[in-house]
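Shown next: data-v4.csv, given as CSV, C-alpha atoms.
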chain,number,residue,atom,x,y,z
T,252,MET,CA,84.5,73.2,114.6
T,253,VAL,CA,84.0,74.7,111.2
T,254,ASP,CA,84.8,72.0,108.6
T,255,VAL,CA,85.9,73.1,105.1
T,256,GLU,CA,86.0,70.6,102.3
T,257,MET,CA,87.0,71.2,98.7
T,258,ILE,CA,85.9,68.9,95.9
T,259,THR,CA,87.0,69.2,92.3
T,260,THR,CA,84.0,69.4,89.9
T,261,LYS,CA,84.3,70.1,86.2
T,262,VAL,CA,86.0,72.1,83.5
T,263,ILE,CA,84.9,75.6,82.6
T,264,LYS,CA,84.1,75.6,78.9
T,265,TYR,CA,85.2,79.0,77.5
T,266,PRO,CA,84.3,79.8,73.9
T,267,PRO,CA,87.2,79.7,71.4
T,268,LEU,CA,89.4,82.8,71.7
T,269,ASP,CA,88.9,85.4,68.9
T,270,ALA,CA,91.7,87.1,67.1
T,271,SER,CA,91.9,90.1,69.6
T,272,GLN,CA,91.9,87.7,72.6
T,273,LEU,CA,94.7,85.6,71.1
T,274,ILE,CA,96.7,88.8,70.6
T,275,LEU,CA,96.2,89.6,74.3
T,276,LEU,CA,97.1,86.1,75.4
T,277,ARG,CA,100.4,86.2,73.4
T,278,LYS,CA,101.1,89.7,74.8
T,279,LEU,CA,100.6,88.4,78.3
T,280,ARG,CA,102.7,85.4,77.6
T,281,ASP,CA,105.6,87.6,76.4
T,282,TYR,CA,105.3,89.8,79.5
T,283,VAL,CA,105.4,86.9,82.0
T,284,ASN,CA,108.3,85.2,80.1
T,285,ASN,CA,110.3,88.4,80.6
T,286,ILE,CA,109.7,88.7,84.4
T,287,MET,CA,110.0,85.0,85.3
T,288,PHE,CA,113.0,83.7,87.3
T,289,ALA,CA,116.0,82.8,85.1
T,290,SER,CA,116.2,79.2,84.0
T,291,GLY,CA,118.9,78.4,86.5
T,292,HIS,CA,116.9,79.6,89.5
T,293,GLU,CA,115.6,76.9,91.9
T,294,TYR,CA,112.0,78.2,91.5
T,295,HIS,CA,112.0,78.5,87.7
T,296,GLN,CA,110.4,75.1,87.0
T,297,ASN,CA,107.6,75.7,89.5
T,298,GLU,CA,106.9,79.1,88.0
T,299,LYS,CA,107.1,78.0,84.4
T,300,ARG,CA,104.6,75.1,85.0
T,301,PHE,CA,102.3,77.4,86.9
T,302,LEU,CA,102.1,79.9,84.1
T,303,THR,CA,100.2,77.7,81.6
T,304,ASP,CA,98.0,79.2,78.9
T,305,ALA,CA,95.0,78.1,81.1
T,306,THR,CA,96.3,80.2,84.0
T,307,LEU,CA,96.8,83.2,81.8
T,308,ILE,CA,93.4,82.8,80.2
T,309,ARG,CA,91.7,82.6,83.6
T,310,HIS,CA,93.4,85.9,84.7
T,311,LEU,CA,92.4,87.6,81.4
T,312,HIS,CA,88.8,86.3,81.5
T,313,ALA,CA,88.4,87.3,85.2
T,314,ARG,CA,89.5,90.8,84.4
T,315,LYS,CA,87.2,91.1,81.4
T,316,TRP,CA,90.2,90.9,79.0
T,317,ASP,CA,91.6,94.1,80.4
T,318,PHE,CA,95.3,93.5,79.7
T,319,VAL,CA,96.7,95.9,82.3
T,320,SER,CA,94.5,94.6,85.0
T,321,ALA,CA,95.2,90.9,84.2
T,322,LYS,CA,99.0,91.7,83.9
T,323,THR,CA,98.9,93.3,87.4
T,324,THR,CA,97.0,90.5,89.1
T,325,LEU,CA,99.1,87.8,87.5
T,326,GLU,CA,102.4,89.5,88.4
T,327,ASN,CA,101.1,90.0,92.0
T,328,THR,CA,100.2,86.3,92.1
T,329,MET,CA,103.7,85.2,90.9
T,330,TYR,CA,105.3,87.3,93.7
T,331,TRP,CA,102.7,86.1,96.2
T,332,LEU,CA,103.2,82.4,95.4
T,333,TRP,CA,107.0,82.8,95.6
T,334,THR,CA,106.9,84.5,99.0
T,335,PHE,CA,104.4,82.0,100.3
T,336,ILE,CA,106.8,79.0,99.8
T,337,GLN,CA,109.8,80.7,101.2
T,338,PRO,CA,110.4,79.6,104.8
T,339,ARG,CA,112.4,82.7,105.7
T,340,PHE,CA,109.4,84.8,105.2
T,341,GLU,CA,107.5,82.9,107.9
T,342,ASN,CA,106.3,85.1,110.7
T,343,SER,CA,102.8,83.7,111.2
T,344,ARG,CA,99.9,85.2,113.1
T,345,GLU,CA,96.7,83.2,113.6
T,346,VAL,CA,95.2,84.7,110.4
T,347,ASP,CA,98.3,83.7,108.5
T,348,ARG,CA,98.2,80.1,109.7
T,349,GLN,CA,94.5,79.8,108.8
T,350,THR,CA,95.2,81.3,105.4
T,351,LYS,CA,98.0,78.9,104.8
T,352,HIS,CA,95.8,76.0,105.7
T,353,ILE,CA,93.2,77.2,103.2
T,354,MET,CA,96.0,77.7,100.6
T,355,PHE,CA,97.1,74.1,101.2
T,356,CYS,CA,93.6,72.8,100.7
T,357,LEU,CA,93.2,74.8,97.5
T,358,GLU,CA,96.5,73.6,96.1
T,359,ARG,CA,95.7,70.0,97.0
T,360,GLY,CA,92.4,70.3,95.2
T,361,ILE,CA,94.1,71.6,92.1
T,362,ARG,CA,96.7,68.8,92.2
T,363,LEU,CA,94.0,66.2,92.5
T,364,MET,CA,92.2,67.4,89.4
T,365,ALA,CA,91.9,65.1,86.4
T,366,SER,CA,93.5,67.0,83.5
T,367,SER,CA,90.8,66.4,80.9
T,368,THR,CA,87.7,66.8,83.0
T,369,VAL,CA,88.2,69.2,86.0
T,370,ASP,CA,89.5,72.6,86.7
T,371,ILE,CA,87.1,74.2,89.2
T,372,ILE,CA,86.4,73.5,92.8
T,373,ALA,CA,83.2,73.2,95.0
T,374,ILE,CA,83.7,74.2,98.6
T,375,ILE,CA,81.6,72.8,101.4
T,376,ILE,CA,81.7,74.8,104.7
T,377,ALA,CA,80.0,72.8,107.5
T,378,PHE,CA,79.2,74.3,110.9
T,379,LYS,CA,78.5,71.1,112.6
T,380,LYS,CA,79.0,71.6,116.4
T,381,ALA,CA,80.8,74.8,115.7
T,382,GLY,CA,80.6,77.6,118.3
T,383,TYR,CA,81.2,81.3,117.8
T,384,SER,CA,84.8,80.9,119.1
T,385,HIS,CA,85.6,78.5,116.3
T,386,SER,CA,84.3,80.8,113.6
T,387,PRO,CA,86.9,82.3,111.3
T,388,SER,CA,87.5,86.0,112.0
T,389,ILE,CA,86.4,88.7,109.6
T,390,ALA,CA,90.0,89.3,108.7
T,391,THR,CA,90.5,85.7,107.7
T,392,CYS,CA,87.3,85.7,105.6
T,393,LYS,CA,88.4,88.9,103.8
T,394,LYS,CA,91.8,87.5,103.2
T,395,PHE,CA,90.4,84.2,101.8
T,396,LEU,CA,88.1,86.1,99.5
T,397,ASN,CA,91.0,88.3,98.3
T,398,ILE,CA,93.1,85.2,97.6
T,399,LEU,CA,90.3,83.6,95.6
T,400,SER,CA,89.7,86.7,93.6
T,401,ASP,CA,93.2,87.8,93.0
T,402,HIS,CA,95.2,84.6,92.9
T,403,TYR,CA,92.8,81.8,91.9
T,404,PRO,CA,90.5,83.5,89.4
T,405,GLU,CA,87.8,81.3,87.8
T,406,ARG,CA,88.7,78.4,90.1
T,407,LEU,CA,85.6,78.5,92.3
T,408,GLY,CA,82.6,76.8,90.9
T,409,ILE,CA,80.1,76.8,93.8
T,410,THR,CA,80.1,77.1,97.6
T,411,PHE,CA,77.7,75.4,100.0
T,412,VAL,CA,77.5,76.7,103.5
T,413,VAL,CA,75.9,73.9,105.6
T,414,ASN,CA,73.7,74.8,108.6
T,415,PRO,CA,75.1,78.3,109.0
T,416,PRO,CA,74.5,79.7,112.5
T,417,TRP,CA,73.3,83.2,113.3
T,418,TYR,CA,76.8,84.7,113.7
T,419,PHE,CA,77.7,83.5,110.1
T,420,PHE,CA,75.1,85.8,108.7
T,421,THR,CA,76.4,88.7,110.8
T,422,THR,CA,79.9,88.2,109.5
T,423,PHE,CA,78.7,87.7,105.9
T,424,LYS,CA,76.7,90.9,106.0
T,425,MET,CA,79.8,92.8,106.9
T,426,ILE,CA,82.0,91.3,104.2
T,427,SER,CA,79.5,90.9,101.4
T,428,PRO,CA,79.9,94.5,100.2
T,429,LEU,CA,83.6,93.7,99.5
T,430,MET,CA,82.8,90.6,97.5
T,431,ASP,CA,82.9,90.3,93.7
T,432,PRO,CA,79.3,89.9,92.6
T,433,GLN,CA,80.1,86.7,90.6
T,434,THR,CA,81.7,85.2,93.7
T,435,LYS,CA,78.8,86.2,95.9
T,436,ALA,CA,76.4,84.6,93.4
T,437,LYS,CA,78.2,81.2,93.9
T,438,ILE,CA,77.4,81.0,97.6
T,439,ASN,CA,74.5,78.7,98.5
T,440,TYR,CA,73.1,77.8,101.9
T,441,ALA,CA,72.2,74.2,102.8
T,442,PHE,CA,70.1,73.1,105.8
T,443,LYS,CA,69.6,69.7,107.2
T,444,LYS,CA,66.0,68.5,106.7
T,445,MET,CA,64.6,65.3,108.0
T,446,ILE,CA,67.2,62.5,107.9
T,447,LEU,CA,70.5,63.4,106.2
T,448,LEU,CA,68.7,65.4,103.5
T,449,LEU,CA,70.3,68.7,102.7
T,450,ILE,CA,68.3,71.2,100.7
T,451,ILE,CA,69.7,74.4,99.3
T,452,ILE,CA,67.3,77.2,99.8
T,453,ASN,CA,66.7,77.7,96.1
T,454,GLY,CA,65.5,74.1,95.8
T,455,PHE,CA,68.6,72.2,94.7
T,456,TYR,CA,70.3,69.3,96.4
T,457,LEU,CA,74.0,68.8,97.1
T,458,LYS,CA,73.8,65.5,95.3
T,459,ASP,CA,72.9,67.5,92.1
T,460,TYR,CA,76.4,68.9,92.2
T,461,ILE,CA,78.5,66.3,93.9
T,462,SER,CA,78.4,62.6,93.2
T,463,LEU,CA,77.1,60.5,96.1
T,464,ASP,CA,80.3,58.4,96.4
T,465,MET,CA,82.3,61.7,97.0
T,466,LEU,CA,79.8,63.2,99.3
T,467,GLU,CA,80.1,62.4,103.0
T,468,ALA,CA,77.2,60.6,104.6
T,469,ASP,CA,76.7,63.6,107.0
T,470,PHE,CA,75.9,65.7,103.9
T,471,GLY,CA,73.5,63.2,102.3
T,472,GLY,CA,76.1,61.1,100.4
T,473,ILE,CA,77.2,57.5,100.8
T,474,TYR,CA,80.8,58.1,101.7
T,475,ASN,CA,81.4,57.2,105.3
T,476,PHE,CA,84.5,59.2,106.1
T,477,THR,CA,86.4,58.7,109.4
T,478,PHE,CA,89.3,61.0,109.9
T,479,ASP,CA,92.6,59.3,110.7
T,480,ILE,CA,95.6,61.6,110.2
T,481,GLU,CA,98.2,59.0,109.1
T,482,HIS,CA,95.9,57.3,106.7
T,483,TYR,CA,94.5,60.6,105.4
T,484,TRP,CA,97.9,62.2,104.9
T,485,SER,CA,99.5,59.2,103.1
T,486,PHE,CA,96.4,58.8,100.9
T,487,LEU,CA,96.4,62.5,100.0
T,488,LEU,CA,100.1,62.6,99.1
T,489,ARG,CA,100.0,59.5,96.9
T,490,PRO,CA,98.2,61.1,94.0
T,491,SER,CA,99.1,64.8,94.6
T,492,GLY,CA,102.7,64.5,95.6
T,493,THR,CA,104.8,66.1,98.3
T,494,PRO,CA,104.2,69.8,99.0
T,495,TYR,CA,107.2,70.6,96.8
T,496,LYS,CA,106.3,68.4,93.9
T,497,ILE,CA,106.3,70.4,90.6
T,498,ILE,CA,103.1,70.2,88.7
T,499,ASP,CA,101.6,71.5,85.5
T,500,TYR,CA,98.6,73.8,86.2
T,501,LEU,CA,95.4,73.2,84.3
Same coordinates, now as structure tokens:
Amino acid sequence: MVDVEMITTKVIKYPPLDASQLILLRKLRDYVNNIMFASGHEYHQNEKRFLTDATLIRHLHARKWDFVSAKTTLENTMYWLWTFIQPRFENSREVDRQTKHIMFCLERGIRLMASSTVDIIAIIIAFKKAGYSHSPSIATCKKFLNILSDHYPERLGITFVVNPPWYFFTTFKMISPLMDPQTKAKINYAFKKMILLLIIINGFYLKDYISLDMLEADFGGIYNFTFDIEHYWSFLLRPSGTPYKIIDYL
């Protein structure tokens, strides 16, 4: 199967905001405050704590400080997140289920971030023993890229595609023209060389980006991971909370 892992990495260090950027931030803050759910609404606290200054800055920075563009994508994200958590909107197709799984992994990664040291994610996509029938469809790939770009701007630090088969490159060739150039530049390919040594084609190692105690042994690390759903689920929820726990976004 195709194995997707998300590992929190580090904080993006933006330069201090200048006067014009602070004005845009305050303007965007005023705008979202006016369109948020009322204080008595059941979703108000979730939305309020999602709309931190860090979230607003990421949207502004990703849109090159174009206020109208950032306002539009942030408003769309607010609506999208609300519809995503409403059970009555559930009418899943296979693409939707795969997308929701990806969303769950992204949200878990964000919840596991240490507030003072981490706000971006490294994604490892491993094709170990994966056949063509297990490969995500082009529709799923496109939807995932749109989610990253539109709703999680500036969250992706780097992606490693481990031992990609021939059909991955066929799919990638079809979707790459639709990708944001900055996102595309963050994708790296890793191949297994000799014994548990994974080398990125540009000469770097996975261990240069991910600490060995967090990197599975299959990828050259020292973490011997064995999947047990009950242990994994309880261990995951202890620090990150139930799916409906309200959190402050970094």
Worksheet item: Could you work out how far CA of Thr323 (chain T) lies from CA of Leu276 (chain T), giving the answer in Å with one decimal?
Response: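 So the answer is 14.1 Å.
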Practice prompt. Can you work out which one of T:Lys393, T:Lys458, T:Arg277, T:Arg314 has the shortest atom-to-atom distance to Ile426 (chain T), counting all atoms listed in the file?
Written response: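 Once distances to Ile426 (chain T) are computed over all atoms listed in the file, the minimum belongs to T:Lys393.
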Worksheet item: For the atom pair CA of Gly291 (chain T) and CA of Trp333 (chain T), what is the interatomic distance in Å to one decimal place?
Response: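 Straight-line distance from CA of Gly291 (chain T) to CA of Trp333 (chain T) works out to 15.6 Å.
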Item to complete: Measure the distance from CA of Met329 (chain T) to CA of Pro432 (chain T) in Å and round it to one decimal.
Response: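 Distance reported for this atom pair: 24.9 Å.
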Counting only C-alpha atoms, find residues at most 8 Å from (85.4, 89.7, 96.6) (file frame) and give them as a PDB file with C-alpha atoms, in the coordinates of the input.
ATOM      1  CA  LYS T 393      88.400  88.900 103.800  1.00  0.00           C
ATOM      2  CA  LEU T 396      88.100  86.100  99.500  1.00  0.00           C
ATOM      3  CA  ASN T 397      91.000  88.300  98.300  1.00  0.00           C
ATOM      4  CA  LEU T 399      90.300  83.600  95.600  1.00  0.00           C
ATOM      5  CA  SER T 400      89.700  86.700  93.600  1.00  0.00           C
ATOM      6  CA  SER T 427      79.500  90.900 101.400  1.00  0.00           C
ATOM      7  CA  LEU T 429      83.600  93.700  99.500  1.00  0.00           C
ATOM      8  CA  MET T 430      82.800  90.600  97.500  1.00  0.00           C
ATOM      9  CA  ASP T 431      82.900  90.300  93.700  1.00  0.00           C
ATOM     10  CA  PRO T 432      79.300  89.900  92.600  1.00  0.00           C
ATOM     11  CA  THR T 434      81.700  85.200  93.700  1.00  0.00           C
ATOM     12  CA  LYS T 435      78.800  86.200  95.900  1.00  0.00           C
TER      13      LYS T 435
END
Fill in: Residue neighbourhood His310 (chain T), 7 Å, only C-alpha atoms, exclusion window fewer than 6 positions, as number ranges by chain
T: 321, 325, 404
Item to complete: Identify, on the basis of only C-alpha atoms, every residue whose closest approach to region 268-271 of chain T does not exceed 12 Å; exclude the query and any residue fewer than 4 positions from it along the same chain; express the result as a list in words.
Response: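 Here the answer would be Lys264, Leu275, Leu276, Arg277, Lys278, Asp304, Ala305, Ile308, Leu311, His312, Trp316, Asp317 and Phe318 of chain T.
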Worksheet item: Using all atoms listed in the file, which of the listed residues (T:Phe395, T:Phe378, T:Tyr330, T:Phe411) sits closest to Asp347 (chain T)?
Response: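 The closest residue to Asp347 (chain T) is T:Phe395.
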Worksheet item: Between T:Ala377, T:Cys356, T:Asp370, T:Thr328, which is the closest to Arg406 (chain T) once you count all atoms listed in the file?
Response: T:Asp370
Worksheet, complete the sentence: For Ile389 (chain T), the closest of T:Phe423, T:Leu407, T:Leu457, T:Ile374 counting all atoms listed in the file is T:Phe423
Item to complete: Around the point (110.7, 85.2, 87.6), in the coordinates given by the file, pick out the residues reaching within 12 Å, counting all atoms listed in the file, and return them as a VMD selection string.
Response: chain T and resid 282 to 299 301 to 302 325 to 333
Worksheet item: Of the candidates T:Ala390, T:Leu307, T:Ala373, T:Ile361, which shows the shortest atom-to-atom distance to Met465 (chain T), using only C-alpha atoms?
Response: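 Going through T:Ala390, T:Leu307, T:Ala373, T:Ile361 one by one, the smallest distance to Met465 (chain T) is for T:Ala373.
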With all heavy atoms as the target, complete region 394-405 of chain T and hand it back as a short mmCIF file (atom, residue, chain, number, x, y, z; two decimals), in the frame of the given file.
data_model
loop_
_atom_site.label_atom_id
_atom_site.label_comp_id
_atom_site.auth_asym_id
_atom_site.auth_seq_id
_atom_site.Cartn_x
_atom_site.Cartn_y
_atom_site.Cartn_z
N LYS T 394 90.57 87.91 103.82
CA LYS T 394 91.80 87.50 103.20
C LYS T 394 91.57 86.32 102.23
O LYS T 394 92.13 86.27 101.13
CB LYS T 394 92.83 87.10 104.26
CG LYS T 394 94.26 87.01 103.74
CD LYS T 394 95.26 87.02 104.88
CE LYS T 394 96.68 87.12 104.34
NZ LYS T 394 97.67 87.21 105.43
N PHE T 395 90.72 85.39 102.66
CA PHE T 395 90.40 84.20 101.80
C PHE T 395 89.71 84.70 100.53
O PHE T 395 90.02 84.23 99.43
CB PHE T 395 89.49 83.28 102.59
CG PHE T 395 89.03 82.10 101.78
CD1 PHE T 395 89.93 81.34 101.06
CD2 PHE T 395 87.69 81.75 101.74
CE1 PHE T 395 89.51 80.24 100.32
CE2 PHE T 395 87.26 80.67 101.00
CZ PHE T 395 88.17 79.91 100.28
N LEU T 396 88.76 85.64 100.65
CA LEU T 396 88.10 86.10 99.50
C LEU T 396 89.03 86.84 98.52
O LEU T 396 88.93 86.71 97.29
CB LEU T 396 86.94 87.09 99.89
CG LEU T 396 85.74 86.45 100.59
CD1 LEU T 396 84.81 87.50 101.14
CD2 LEU T 396 85.00 85.52 99.64
N ASN T 397 89.97 87.59 99.09
CA ASN T 397 91.00 88.30 98.30
C ASN T 397 91.86 87.27 97.54
O ASN T 397 92.22 87.46 96.37
CB ASN T 397 91.82 89.20 99.12
CG ASN T 397 91.07 90.43 99.57
OD1 ASN T 397 90.07 90.82 98.95
ND2 ASN T 397 91.50 91.04 100.66
N ILE T 398 92.23 86.18 98.23
CA ILE T 398 93.10 85.20 97.60
C ILE T 398 92.32 84.51 96.44
O ILE T 398 92.88 84.32 95.36
CB ILE T 398 93.46 84.09 98.66
CG1 ILE T 398 94.51 84.66 99.62
CG2 ILE T 398 94.01 82.83 97.98
CD1 ILE T 398 94.81 83.76 100.79
N LEU T 399 91.06 84.16 96.66
CA LEU T 399 90.30 83.60 95.60
C LEU T 399 90.17 84.47 94.39
O LEU T 399 90.35 84.06 93.24
CB LEU T 399 88.86 83.21 96.09
CG LEU T 399 88.66 81.90 96.84
CD1 LEU T 399 87.21 81.77 97.28
CD2 LEU T 399 89.05 80.71 95.98
N SER T 400 89.88 85.73 94.65
CA SER T 400 89.70 86.70 93.60
C SER T 400 90.94 87.06 92.83
O SER T 400 90.98 87.09 91.60
CB SER T 400 89.00 87.95 94.13
OG SER T 400 88.87 88.95 93.14
N ASP T 401 92.01 87.30 93.59
CA ASP T 401 93.20 87.80 93.00
C ASP T 401 94.18 86.75 92.48
O ASP T 401 94.86 86.95 91.47
CB ASP T 401 93.98 88.69 94.02
CG ASP T 401 93.21 89.93 94.41
OD1 ASP T 401 92.28 90.32 93.65
OD2 ASP T 401 93.50 90.50 95.48
N HIS T 402 94.23 85.61 93.19
CA HIS T 402 95.20 84.60 92.90
C HIS T 402 94.69 83.30 92.31
O HIS T 402 95.44 82.51 91.73
CB HIS T 402 96.09 84.33 94.10
CG HIS T 402 96.72 85.55 94.70
ND1 HIS T 402 97.42 86.47 93.96
CD2 HIS T 402 96.72 86.03 95.97
CE1 HIS T 402 97.84 87.46 94.73
NE2 HIS T 402 97.43 87.20 95.96
N TYR T 403 93.40 83.06 92.48
CA TYR T 403 92.80 81.80 91.90
C TYR T 403 91.53 82.21 91.13
O TYR T 403 90.46 81.67 91.37
CB TYR T 403 92.41 80.89 93.07
CG TYR T 403 93.59 80.28 93.77
CD1 TYR T 403 94.16 80.89 94.87
CD2 TYR T 403 94.17 79.09 93.30
CE1 TYR T 403 95.26 80.34 95.51
CE2 TYR T 403 95.27 78.53 93.93
CZ TYR T 403 95.80 79.16 95.04
OH TYR T 403 96.89 78.61 95.66
N PRO T 404 91.64 83.12 90.18
CA PRO T 404 90.50 83.50 89.40
C PRO T 404 89.86 82.37 88.64
O PRO T 404 90.58 81.50 88.13
CB PRO T 404 91.01 84.61 88.47
CG PRO T 404 92.45 84.27 88.30
CD PRO T 404 92.88 83.74 89.65
N GLU T 405 88.54 82.34 88.60
CA GLU T 405 87.80 81.30 87.80
C GLU T 405 88.00 79.92 88.35
O GLU T 405 87.65 78.95 87.65
CB GLU T 405 88.23 81.38 86.34
CG GLU T 405 88.16 82.76 85.71
CD GLU T 405 86.74 83.23 85.45
OE1 GLU T 405 85.95 82.47 84.87
OE2 GLU T 405 86.42 84.37 85.86
#
